[in-house]
$ cat target21.cif   # mmCIF, C-alpha atoms
data_start
loop_
_atom_site.label_atom_id
_atom_site.label_comp_id
_atom_site.auth_asym_id
_atom_site.auth_seq_id
_atom_site.Cartn_x
_atom_site.Cartn_y
_atom_site.Cartn_z
CA MET I 180 0.00 0.00 0.00
CA SER I 181 1.17 3.51 -0.67
CA LYS I 182 2.60 5.51 2.23
CA VAL I 183 1.30 8.58 4.01
CA PHE I 184 4.08 11.07 4.57
CA ALA I 185 4.68 14.60 5.76
CA GLN I 186 7.79 16.71 5.28
CA ILE I 187 8.10 20.07 6.93
CA SER I 188 10.69 22.63 8.01
CA MET I 189 10.89 23.29 11.73
CA SER I 190 12.86 25.80 13.78
CA LEU I 191 14.97 24.73 16.78
CA ASP I 192 12.17 25.95 19.03
CA GLY I 193 9.70 23.71 17.23
CA TYR I 194 7.76 26.16 15.07
CA VAL I 195 6.71 25.48 11.48
CA ALA I 196 5.30 29.00 11.01
CA GLY I 197 6.07 32.26 12.75
CA PRO I 198 3.70 34.36 14.87
CA ASN I 199 0.98 36.65 13.51
CA ASP I 200 0.28 34.87 10.25
CA GLY I 201 -2.41 36.24 7.98
CA PRO I 202 -3.42 36.69 4.35
CA GLU I 203 -0.46 38.95 3.54
CA ASN I 204 1.95 36.87 5.58
CA PRO I 205 0.88 33.23 5.38
CA LEU I 206 4.07 31.86 6.99
CA GLY I 207 3.99 34.32 9.91
CA GLU I 208 6.81 36.62 11.00
CA ASN I 209 10.16 35.29 9.78
CA GLY I 210 8.45 32.11 8.60
CA GLU I 211 10.09 32.42 5.21
CA SER I 212 13.45 31.85 6.96
CA LEU I 213 12.36 28.24 7.44
CA HIS I 214 12.28 27.71 3.68
CA GLU I 215 15.41 29.47 2.49
CA TRP I 216 17.22 26.14 2.24
CA ILE I 217 14.73 24.79 -0.31
CA VAL I 218 14.00 27.73 -2.60
CA GLY I 219 17.61 27.85 -3.78
CA LEU I 220 17.74 24.14 -4.63
CA ASP I 221 17.93 23.03 -8.26
CA SER I 222 15.33 20.30 -7.78
CA TRP I 223 12.82 22.65 -6.15
CA ARG I 224 13.30 25.25 -8.84
CA ARG I 225 12.83 22.70 -11.64
CA ALA I 226 9.55 21.61 -10.05
CA HIS I 227 8.39 25.21 -9.96
CA GLY I 228 9.36 25.92 -13.57
CA LEU I 229 12.40 27.97 -12.59
CA GLU I 230 15.95 27.65 -13.87
CA GLY I 231 19.20 27.51 -11.92
CA GLY I 232 19.65 26.78 -8.26
CA GLU I 233 22.22 24.76 -6.43
CA GLU I 234 22.62 21.02 -6.19
CA SER I 235 23.25 19.62 -2.73
CA ALA I 236 22.98 16.35 -0.83
CA VAL I 237 19.32 17.12 -0.33
CA SER I 238 18.43 17.71 -4.00
CA PRO I 239 17.38 14.06 -4.56
CA LEU I 240 15.17 14.23 -1.47
CA VAL I 241 13.19 17.11 -2.94
CA ASP I 242 12.94 15.34 -6.31
CA GLU I 243 11.61 12.34 -4.41
CA TYR I 244 8.93 14.34 -2.58
CA ILE I 245 7.63 15.59 -5.88
CA SER I 246 7.69 12.30 -7.74
CA ARG I 247 6.23 10.17 -4.98
CA SER I 248 3.21 12.38 -4.24
CA GLY I 249 0.01 11.22 -5.90
CA ALA I 250 -2.36 13.24 -3.71
CA THR I 251 -2.06 16.02 -1.15
CA ILE I 252 -3.97 16.75 2.06
CA LEU I 253 -4.21 20.28 3.47
CA GLY I 254 -5.92 21.96 6.39
CA ARG I 255 -8.51 24.62 5.65
CA ARG I 256 -6.50 27.40 7.28
CA MET I 257 -3.35 26.60 5.30
CA PHE I 258 -5.48 26.49 2.15
CA ASP I 259 -7.19 29.82 2.83
CA LEU I 260 -3.90 31.58 3.61
CA GLY I 261 -1.94 29.97 0.80
CA GLU I 262 -4.39 29.71 -2.08
CA PRO I 263 -4.25 33.35 -3.20
CA HIS I 264 -0.47 33.00 -3.48
CA TRP I 265 -0.51 29.67 -5.36
CA GLY I 266 -2.36 31.14 -8.37
CA ASP I 267 -3.70 29.30 -11.41
CA ASP I 268 -0.93 26.68 -11.55
CA PRO I 269 -0.51 25.63 -7.91
CA PRO I 270 2.66 23.82 -6.81
CA TYR I 271 0.87 20.56 -5.96
CA HIS I 272 0.26 19.00 -9.42
CA THR I 273 -1.97 16.39 -7.76
CA PRO I 274 -5.53 16.23 -6.46
CA VAL I 275 -5.59 18.22 -3.21
CA PHE I 276 -8.02 17.29 -0.41
CA ILE I 277 -8.83 20.12 1.99
CA LEU I 278 -10.18 19.34 5.46
CA THR I 279 -12.97 21.80 6.15
CA HIS I 280 -16.37 22.12 7.82
CA ARG I 281 -18.02 23.88 4.88
CA LYS I 282 -18.93 22.17 1.61
CA ARG I 283 -17.58 23.84 -1.51
CA PRO I 284 -17.57 22.74 -5.17
CA GLN I 285 -14.45 21.11 -6.60
CA GLN I 286 -12.07 23.46 -8.41
CA THR I 287 -9.81 22.42 -11.28
CA LYS I 288 -6.57 24.35 -11.70
CA LEU I 289 -3.74 24.08 -14.23
CA GLY I 290 -0.96 21.50 -14.04
CA GLY I 291 -2.97 18.63 -12.58
CA THR I 292 -4.08 20.30 -9.35
CA THR I 293 -7.70 19.97 -8.24
CA TYR I 294 -9.10 21.33 -4.97
CA ASN I 295 -11.53 18.96 -3.25
CA PHE I 296 -13.24 19.99 -0.01
CA ILE I 297 -13.79 17.18 2.50
CA THR I 298 -16.21 17.74 5.35
CA ASP I 299 -16.27 14.31 7.01
CA GLY I 300 -12.90 14.22 8.73
CA VAL I 301 -9.33 13.01 8.53
CA SER I 302 -10.02 9.34 7.76
CA ALA I 303 -12.44 10.21 4.95
CA ALA I 304 -9.93 12.64 3.47
CA LEU I 305 -7.25 9.97 3.60
CA ALA I 306 -9.50 7.40 1.90
CA ARG I 307 -10.21 9.86 -0.92
CA ALA I 308 -6.52 10.76 -1.20
CA ARG I 309 -5.42 7.11 -1.29
CA ASP I 310 -7.88 6.45 -4.11
CA ALA I 311 -6.58 9.41 -6.06
CA ALA I 312 -2.92 8.57 -5.43
CA GLY I 313 -3.09 4.98 -6.71
CA ASP I 314 0.39 3.49 -6.36
CA ARG I 315 1.90 6.80 -5.39
CA ASP I 316 2.05 8.22 -1.85
CA VAL I 317 -0.16 10.66 0.00
CA SER I 318 1.50 13.89 1.15
CA VAL I 319 0.08 15.54 4.25
CA ALA I 320 1.31 19.04 3.49
CA GLY I 321 0.11 20.87 6.60
CA GLY I 322 -0.46 22.92 8.56
CA ALA I 323 0.99 21.83 11.85
CA ASN I 324 -2.40 21.00 13.31
CA VAL I 325 -3.32 18.66 10.46
CA ILE I 326 0.00 16.80 10.61
CA GLY I 327 -0.55 16.49 14.37
CA GLN I 328 -4.02 15.03 13.77
CA PHE I 329 -2.54 12.40 11.46
CA ILE I 330 0.12 11.49 14.03
CA ALA I 331 -2.45 11.32 16.84
CA ALA I 332 -4.72 9.10 14.73
CA GLY I 333 -1.86 6.73 13.86
CA LEU I 334 -2.31 7.49 10.13
CA LEU I 335 1.15 8.86 9.29
CA ASP I 336 3.85 6.44 8.10
CA GLU I 337 6.76 8.82 7.65
CA LEU I 338 7.75 12.27 8.85
CA ASP I 339 10.69 14.16 7.37
CA LEU I 340 11.77 17.04 9.56
CA HIS I 341 14.00 19.72 8.11
CA ILE I 342 15.55 21.22 11.23
CA VAL I 343 16.56 24.83 10.57
CA PRO I 344 18.90 26.44 13.14
CA ILE I 345 16.80 29.49 13.90
CA LEU I 346 14.41 30.46 16.67
CA LEU I 347 11.02 31.90 15.68
CA GLY I 348 9.98 32.73 19.25
CA GLY I 349 6.30 32.06 18.55
CA GLY I 350 3.86 30.79 15.96
CA ALA I 351 2.54 27.30 15.20
CA ARG I 352 4.29 24.38 16.88
CA LEU I 353 4.31 21.08 14.99
CA PHE I 354 3.78 18.81 17.99
CA ASP I 355 1.49 21.07 20.01
CA GLY I 356 -1.09 19.18 22.02
CA LEU I 357 0.31 15.72 21.33
CA PRO I 358 0.88 13.49 24.38
CA ALA I 359 4.11 11.70 25.30
CA MET I 360 5.10 9.24 22.55
CA LEU I 361 8.17 7.18 23.36
CA ASN I 362 7.95 4.41 20.77
CA THR I 363 6.19 6.11 17.87
CA PHE I 364 9.12 7.60 15.96
CA GLU I 365 12.25 5.88 14.75
CA GLN I 366 15.12 7.70 13.11
CA ALA I 367 15.50 6.08 9.69
CA GLU I 368 17.93 8.39 7.91
CA VAL I 369 19.73 11.69 8.41
CA ILE I 370 20.90 13.94 5.58
CA THR I 371 22.66 17.25 6.03
CA SER I 372 22.54 20.08 3.57
CA PRO I 373 24.38 23.35 4.07
CA GLY I 374 23.01 24.69 7.31
CA VAL I 375 20.05 22.32 7.74
CA THR I 376 19.58 18.81 9.18
CA HIS I 377 17.03 16.54 7.51
CA VAL I 378 15.81 13.72 9.74
CA ARG I 379 13.59 11.02 8.25
CA LEU I 380 11.45 9.38 10.91
CA SER I 381 9.37 6.28 10.43
CA VAL I 382 6.17 6.55 12.42
CA THR I 383 4.57 3.59 14.15
CA PRO I 384 1.16 4.02 15.73
CA ALA I 385 1.41 3.86 19.52
CA GLY I 386 1.32 0.31 20.79
CA ALA I 387 1.78 -1.27 17.39
CA GLY I 388 5.53 -1.67 17.71
CA VAL I 389 8.55 -1.17 19.87
CA ARG I 390 11.52 0.90 18.84
CA SER I 391 14.55 -1.34 18.37
CA MET P 1073 40.04 32.17 25.24
CA SER P 1074 38.30 29.04 26.34
CA LYS P 1075 34.79 28.38 25.05
CA VAL P 1076 31.46 28.30 26.82
CA PHE P 1077 29.40 25.34 25.68
CA ALA P 1078 26.23 23.47 26.49
CA GLN P 1079 25.22 20.00 25.37
CA ILE P 1080 21.79 18.66 26.09
CA SER P 1081 19.32 16.01 24.94
CA MET P 1082 16.05 17.34 23.55
CA SER P 1083 12.86 15.62 22.41
CA LEU P 1084 11.27 16.35 19.02
CA ASP P 1085 8.78 18.56 20.82
CA GLY P 1086 11.58 20.58 22.36
CA TYR P 1087 11.65 19.35 25.95
CA VAL P 1088 14.82 18.66 27.92
CA ALA P 1089 12.91 17.28 30.93
CA GLY P 1090 9.48 15.75 31.24
CA PRO P 1091 6.51 17.09 33.20
CA ASN P 1092 6.08 16.86 36.99
CA ASP P 1093 9.72 16.75 37.99
CA GLY P 1094 10.56 16.55 41.67
CA PRO P 1095 13.06 15.18 44.18
CA GLU P 1096 12.23 11.55 43.37
CA ASN P 1097 11.99 12.19 39.66
CA PRO P 1098 14.50 14.92 38.76
CA LEU P 1099 14.13 14.44 34.97
CA GLY P 1100 10.31 14.49 35.03
CA GLU P 1101 8.00 11.88 33.56
CA ASN P 1102 9.79 9.87 30.85
CA GLY P 1103 12.74 12.25 31.07
CA GLU P 1104 15.14 9.33 31.40
CA SER P 1105 14.17 8.35 27.83
CA LEU P 1106 16.14 11.39 26.66
CA HIS P 1107 19.34 9.91 28.04
CA GLU P 1108 19.11 6.26 27.04
CA TRP P 1109 21.47 6.91 24.11
CA ILE P 1110 24.27 8.05 26.42
CA VAL P 1111 24.12 5.68 29.40
CA GLY P 1112 24.93 2.70 27.18
CA LEU P 1113 27.97 4.35 25.61
CA ASP P 1114 31.46 3.08 26.42
CA SER P 1115 32.86 6.59 26.86
CA TRP P 1116 30.10 7.67 29.25
CA ARG P 1117 30.47 4.50 31.29
CA ARG P 1118 34.26 4.90 31.57
CA ALA P 1119 33.77 8.45 32.87
CA HIS P 1120 31.36 7.16 35.49
CA GLY P 1121 33.65 4.35 36.63
CA LEU P 1122 31.57 1.66 34.93
CA GLU P 1123 32.74 -1.08 32.59
CA GLY P 1124 31.36 -2.17 29.24
CA GLY P 1125 29.04 -0.21 27.00
CA GLU P 1126 28.94 0.20 23.25
CA GLU P 1127 31.17 2.23 21.00
CA SER P 1128 29.44 4.34 18.39
CA ALA P 1129 30.11 7.35 16.19
CA VAL P 1130 29.24 9.53 19.13
CA SER P 1131 31.65 7.95 21.65
CA PRO P 1132 34.42 10.47 20.85
CA LEU P 1133 31.97 13.32 21.34
CA VAL P 1134 31.23 12.22 24.88
CA ASP P 1135 34.95 11.76 25.60
CA GLU P 1136 35.43 15.29 24.34
CA TYR P 1137 32.75 16.77 26.61
CA ILE P 1138 34.45 15.25 29.60
CA SER P 1139 38.02 16.19 28.70
CA ARG P 1140 37.27 19.76 27.60
CA SER P 1141 35.27 20.78 30.68
CA GLY P 1142 37.29 22.73 33.24
CA ALA P 1143 34.32 24.17 35.12
CA THR P 1144 30.58 23.62 35.20
CA ILE P 1145 27.65 26.01 35.68
CA LEU P 1146 24.30 24.82 37.04
CA GLY P 1147 20.99 26.38 37.95
CA ARG P 1148 19.83 26.14 41.53
CA ARG P 1149 16.79 24.03 40.72
CA MET P 1150 18.83 21.47 38.76
CA PHE P 1151 21.31 21.38 41.62
CA ASP P 1152 18.64 20.88 44.29
CA LEU P 1153 16.92 18.11 42.34
CA GLY P 1154 20.11 16.40 41.21
CA GLU P 1155 22.46 16.73 44.16
CA PRO P 1156 20.96 13.96 46.33
CA HIS P 1157 21.40 11.58 43.40
CA TRP P 1158 24.97 12.62 42.57
CA GLY P 1159 26.34 11.48 45.94
CA ASP P 1160 29.85 11.92 47.33
CA ASP P 1161 31.64 11.59 43.99
CA PRO P 1162 29.54 13.73 41.62
CA PRO P 1163 29.87 13.25 37.85
CA TYR P 1164 31.33 16.74 37.24
CA HIS P 1165 34.96 16.32 38.37
CA THR P 1166 35.39 20.10 38.08
CA PRO P 1167 34.50 23.13 40.16
CA VAL P 1168 30.73 23.63 39.83
CA PHE P 1169 29.20 27.11 40.06
CA ILE P 1170 25.54 27.17 41.07
CA LEU P 1171 23.39 30.21 40.27
CA THR P 1172 21.27 30.94 43.33
CA HIS P 1173 19.81 33.78 45.38
CA ARG P 1174 20.92 32.37 48.72
CA LYS P 1175 24.52 32.35 49.93
CA ARG P 1176 25.83 28.97 51.04
CA PRO P 1177 29.34 27.81 52.01
CA GLN P 1178 31.48 26.02 49.42
CA GLN P 1179 31.33 22.23 49.54
CA THR P 1180 34.19 19.96 48.52
CA LYS P 1181 33.28 16.52 47.17
CA LEU P 1182 35.38 13.59 45.95
CA GLY P 1183 36.91 13.38 42.47
CA GLY P 1184 37.61 17.06 41.96
CA THR P 1185 34.08 18.41 42.29
CA THR P 1186 33.46 21.50 44.42
CA TYR P 1187 30.09 23.22 44.80
CA ASN P 1188 30.29 27.02 44.75
CA PHE P 1189 27.17 29.14 45.21
CA ILE P 1190 27.05 32.35 43.17
CA THR P 1191 24.51 35.01 44.11
CA ASP P 1192 25.46 37.85 41.77
CA GLY P 1193 24.20 36.53 38.44
CA VAL P 1194 25.15 34.85 35.21
CA SER P 1195 28.11 37.05 34.24
CA ALA P 1196 29.69 36.73 37.68
CA ALA P 1197 29.25 32.96 37.60
CA LEU P 1198 30.87 32.84 34.17
CA ALA P 1199 33.83 34.95 35.33
CA ARG P 1200 34.40 32.60 38.25
CA ALA P 1201 34.01 29.54 36.02
CA ARG P 1202 36.45 30.90 33.42
CA ASP P 1203 39.04 31.50 36.14
CA ALA P 1204 38.60 27.97 37.42
CA ALA P 1205 38.67 26.38 33.95
CA GLY P 1206 41.95 27.95 32.86
CA ASP P 1207 42.64 26.74 29.33
CA ARG P 1208 39.77 24.32 29.40
CA ASP P 1209 36.15 25.15 28.51
CA VAL P 1210 33.17 26.05 30.63
CA SER P 1211 30.20 23.68 30.49
CA VAL P 1212 26.77 25.17 31.08
CA ALA P 1213 25.08 21.97 32.19
CA GLY P 1214 21.52 23.24 32.70
CA GLY P 1215 18.72 23.34 33.34
CA ALA P 1216 16.89 24.66 30.32
CA ASN P 1217 16.32 28.05 31.88
CA VAL P 1218 20.02 28.61 32.63
CA ILE P 1219 21.10 27.62 29.10
CA GLY P 1220 18.43 30.01 27.80
CA GLN P 1221 19.82 32.81 29.97
CA PHE P 1222 23.29 32.24 28.52
CA ILE P 1223 21.91 32.31 24.96
CA ALA P 1224 19.89 35.45 25.66
CA ALA P 1225 22.92 37.17 27.17
CA GLY P 1226 25.12 36.26 24.19
CA LEU P 1227 27.47 34.30 26.47
CA LEU P 1228 27.23 30.84 24.87
CA ASP P 1229 29.71 29.90 22.11
CA GLU P 1230 28.52 26.42 21.24
CA LEU P 1231 25.36 24.37 21.69
CA ASP P 1232 25.27 20.63 21.01
CA LEU P 1233 21.74 19.33 20.70
CA HIS P 1234 21.12 15.61 20.93
CA ILE P 1235 17.76 15.28 19.19
CA VAL P 1236 15.94 12.21 20.46
CA PRO P 1237 12.94 11.03 18.40
CA ILE P 1238 10.39 10.97 21.20
CA LEU P 1239 7.65 13.33 22.33
CA LEU P 1240 7.47 14.18 26.03
CA GLY P 1241 4.22 16.13 25.74
CA GLY P 1242 5.17 18.56 28.51
CA GLY P 1243 7.98 19.61 30.83
CA ALA P 1244 10.81 22.12 30.45
CA ARG P 1245 11.42 23.51 26.97
CA LEU P 1246 14.98 24.49 26.11
CA PHE P 1247 14.16 27.64 24.13
CA ASP P 1248 11.17 28.80 26.16
CA GLY P 1249 10.86 32.55 26.36
CA LEU P 1250 13.62 33.33 23.86
CA PRO P 1251 12.75 35.75 21.05
CA ALA P 1252 13.20 35.15 17.33
CA MET P 1253 16.88 34.60 16.50
CA LEU P 1254 17.61 34.20 12.80
CA ASN P 1255 21.37 34.68 12.70
CA THR P 1256 22.48 33.40 16.08
CA PHE P 1257 22.97 29.70 15.38
CA GLU P 1258 25.00 28.07 12.65
CA GLN P 1259 25.07 24.34 12.05
CA ALA P 1260 28.73 23.36 12.38
CA GLU P 1261 28.59 19.56 12.43
CA VAL P 1262 26.07 16.74 12.47
CA ILE P 1263 26.79 13.27 13.87
CA THR P 1264 24.31 10.42 13.97
CA SER P 1265 24.36 7.64 16.49
CA PRO P 1266 21.87 4.79 16.50
CA GLY P 1267 18.52 6.51 16.84
CA VAL P 1268 19.72 10.01 17.75
CA THR P 1269 20.90 13.06 15.78
CA HIS P 1270 23.63 15.21 17.29
CA VAL P 1271 23.75 18.74 15.90
CA ARG P 1272 26.63 21.01 16.88
CA LEU P 1273 25.67 24.66 16.60
CA SER P 1274 28.03 27.57 16.85
CA VAL P 1275 26.32 30.47 18.59
CA THR P 1276 26.93 34.08 17.63
CA PRO P 1277 25.45 36.80 19.80
CA ALA P 1278 22.66 38.62 17.98
CA GLY P 1279 24.00 41.36 15.75
CA ALA P 1280 27.63 40.32 16.04
CA GLY P 1281 27.66 38.31 12.85
CA VAL P 1282 25.69 37.10 9.89
CA ARG P 1283 25.12 33.46 9.11
CA SER P 1284 26.90 32.53 5.90
#
$ encode --input "target21.cif" --output "structure tokens"
Amino acid sequence: MSKVFAQISMSLDGYVAGPNDGPENPLGENGESLHEWIVGLDSWRRAHGLEGGEESAVSPLVDEYISRSGATILGRRMFDLGEPHWGDDPPYHTPVFILTHRKRPQQTKLGGTTYNFITDGVSAALARARDAAGDRDVSVAGGANVIGQFIAAGLLDELDLHIVPILLGGGARLFDGLPAMLNTFEQAEVITSPGVTHVRLSVTPAGAGVRS
Amino acid sequence: MSKVFAQISMSLDGYVAGPNDGPENPLGENGESLHEWIVGLDSWRRAHGLEGGEESAVSPLVDEYISRSGATILGRRMFDLGEPHWGDDPPYHTPVFILTHRKRPQQTKLGGTTYNFITDGVSAALARARDAAGDRDVSVAGGANVIGQFIAAGLLDELDLHIVPILLGGGARLFDGLPAMLNTFEQAEVITSPGVTHVRLSVTPAGAGVRS
């Protein structure tokens, strides 16, 4: 079966977005500093139709994220803040399933992206995303709260953390509200790129396994 | 001049001790899970007068922490919780300077450890520790709040984070209360040991330099 994965940049103090986010500032104050490492990468730029960029040890990882994703899951808040910036050819290039409480008609964008609004919860969204993804994987793109819901529900198979050596001092914390989990995560691989540590964690639902 | 360094184990959710710490449970609930990686290491066991243990890529790092430390700085709360457990031959083997508000006489323990109570603040404690350390380095051993004070004051030169893939769900957060810092930390080296990622960060006081 295809995997359910999330990959996200996190500050040393655990934030994946800065404080005071809003329509003009969807990543919050200094939130763009979390993503500097990726926007200069050759593989990221190719995927966004841009030339140039630098190759690094992490370039294949970014290529992999793009090629493995057959469907994307987003929270409603991330969608509302991000959508005006993503434009007519959004960066997903897959069906996107948005967790929301309000029904809305499907939207078809350029480049293979569709927006599908799911009102019956995380498991229903995942079932729809798995169907759409086929043999490819499901990317849980965020925000923090949605990734946390997938971890809490035991539905995430893999979490790639890009640990960026900054403090944001406030904002949205990835693991906020989650209880102690001692045997859920296992470090599978570590890659370093200039300035950033990329830790791939396999995720086992609580109780289903013991870390070796 | 000798360096001022801290090295500490941190959970994915940013805690360096679990919730509900106390005299019987100085690391808080599940806090001992942060330190499993080190207590089985050959180098740590040698330093504590124990035989056996495993060698790993991180063994030299632990040897280095022990050999480079010429003085140690502790917070009062960490001292009060830890001291009954450290016994007559504490694991520091250096002069230890404890930040406190209450004067107490110096205590001399076995194995080179002395306890010295400093009531005039972080800078005064550091001056005393530098004097005692000579050519060796000063270790800021904790707790979280004291390491944070050193970072905030621009007095820390190096921070080694041992990132352990667990969630503690509560407790003492290392970076609690610190403001945004975008150019303070620079990733200098990353070592992986089985299950844990060790990130060495050089620390530049805010405004004194720009991350390359």
$ closest_residue --input "target21.cif" --among "P:Leu1099, P:Ala1225, P:Val1271, P:Ile1080" --to "Pro344 of chain I" --atoms "all atoms listed in the file"
P:Val1271
$ resolve_selection --input "target21.cif" --expression "the PyMOL selection byres ((chain I) within 9 of (chain P))" --output "ChimeraX atom specification"
/I:191-193,197,209,212,343-349,352-367,369,371,373-376,378,380,391
$ atom_distance --input "target21.cif" --atom1 "atom CA of Ala226 of chain I" --atom2 "atom CA of Val183 of chain I"
20.9 Å
$ residues_around --input "target21.cif" --residues "Leu253 of chain I" --least-positions-apart "6" --cutoff "12 Å" --atoms "only C-alpha atoms" --output "short mmCIF file (atom, residue, chain, number, x, y, z; two decimals) with C-alpha atoms, in the frame of the given file"
data_model
loop_
_atom_site.label_atom_id
_atom_site.label_comp_id
_atom_site.auth_asym_id
_atom_site.auth_seq_id
_atom_site.Cartn_x
_atom_site.Cartn_y
_atom_site.Cartn_z
CA ALA I 185 4.68 14.60 5.76
CA ASP I 259 -7.19 29.82 2.83
CA LEU I 260 -3.90 31.58 3.61
CA GLY I 261 -1.94 29.97 0.80
CA GLU I 262 -4.39 29.71 -2.08
CA TYR I 271 0.87 20.56 -5.96
CA PRO I 274 -5.53 16.23 -6.46
CA VAL I 275 -5.59 18.22 -3.21
CA PHE I 276 -8.02 17.29 -0.41
CA ILE I 277 -8.83 20.12 1.99
CA LEU I 278 -10.18 19.34 5.46
CA THR I 279 -12.97 21.80 6.15
CA TYR I 294 -9.10 21.33 -4.97
CA ASN I 295 -11.53 18.96 -3.25
CA PHE I 296 -13.24 19.99 -0.01
CA ILE I 297 -13.79 17.18 2.50
CA GLY I 300 -12.90 14.22 8.73
CA VAL I 301 -9.33 13.01 8.53
CA ALA I 304 -9.93 12.64 3.47
CA LEU I 305 -7.25 9.97 3.60
CA ALA I 308 -6.52 10.76 -1.20
CA VAL I 317 -0.16 10.66 0.00
CA SER I 318 1.50 13.89 1.15
CA VAL I 319 0.08 15.54 4.25
CA ALA I 320 1.31 19.04 3.49
CA GLY I 321 0.11 20.87 6.60
CA GLY I 322 -0.46 22.92 8.56
CA ALA I 323 0.99 21.83 11.85
CA ASN I 324 -2.40 21.00 13.31
CA VAL I 325 -3.32 18.66 10.46
CA ILE I 326 0.00 16.80 10.61
CA GLN I 328 -4.02 15.03 13.77
CA PHE I 329 -2.54 12.40 11.46
#
$ resolve_selection --input "target21.cif" --expression "the PyMOL selection byres ((chain P and resi 1128-1132) around 9)" --output "JSON, numbers by chain"
{"P": [1110, 1113, 1114, 1115, 1116, 1126, 1127, 1133, 1134, 1135, 1136, 1137, 1263, 1264, 1265, 1266, 1270]}
$ decode --input "target21.cif" --residues "segment 1156-1167 of chain P" --atoms "N, CA, C and O atoms" --output "compact mmCIF listing (two decimals), in the first residue's frame"
# COMPACT_ATOMS: atom_id res chain seq x y z
N PRO P 1156 21.08 15.18 45.52
CA PRO P 1156 20.96 13.96 46.33
C PRO P 1156 21.30 12.69 45.54
O PRO P 1156 21.71 11.69 46.13
N HIS P 1157 21.12 12.76 44.22
CA HIS P 1157 21.40 11.58 43.40
C HIS P 1157 22.88 11.48 43.01
O HIS P 1157 23.36 10.42 42.63
N TRP P 1158 23.58 12.63 43.04
CA TRP P 1158 24.97 12.62 42.57
C TRP P 1158 25.94 12.06 43.62
O TRP P 1158 27.05 11.65 43.27
N GLY P 1159 25.56 12.14 44.89
CA GLY P 1159 26.34 11.48 45.94
C GLY P 1159 27.67 12.16 46.25
O GLY P 1159 27.88 13.34 45.97
N ASP P 1160 28.58 11.38 46.84
CA ASP P 1160 29.85 11.92 47.33
C ASP P 1160 30.88 12.14 46.23
O ASP P 1160 31.85 12.87 46.43
N ASP P 1161 30.69 11.46 45.11
CA ASP P 1161 31.64 11.59 43.99
C ASP P 1161 30.84 12.00 42.75
O ASP P 1161 30.57 11.19 41.87
N PRO P 1162 30.45 13.27 42.68
CA PRO P 1162 29.54 13.73 41.62
C PRO P 1162 30.18 13.59 40.24
O PRO P 1162 31.42 13.52 40.10
N PRO P 1163 29.36 13.52 39.20
CA PRO P 1163 29.87 13.25 37.85
C PRO P 1163 30.57 14.44 37.19
O PRO P 1163 30.91 14.35 36.02
N TYR P 1164 30.78 15.54 37.91
CA TYR P 1164 31.33 16.74 37.24
C TYR P 1164 32.86 16.75 37.20
O TYR P 1164 33.45 17.14 36.20
N HIS P 1165 33.50 16.37 38.30
CA HIS P 1165 34.96 16.32 38.37
C HIS P 1165 35.61 17.66 38.00
O HIS P 1165 36.70 17.72 37.44
N THR P 1166 34.89 18.73 38.29
CA THR P 1166 35.39 20.10 38.08
C THR P 1166 34.77 20.95 39.18
O THR P 1166 33.81 20.53 39.83
N PRO P 1167 35.26 22.17 39.36
CA PRO P 1167 34.50 23.13 40.16
C PRO P 1167 33.14 23.38 39.51
O PRO P 1167 33.06 23.52 38.28
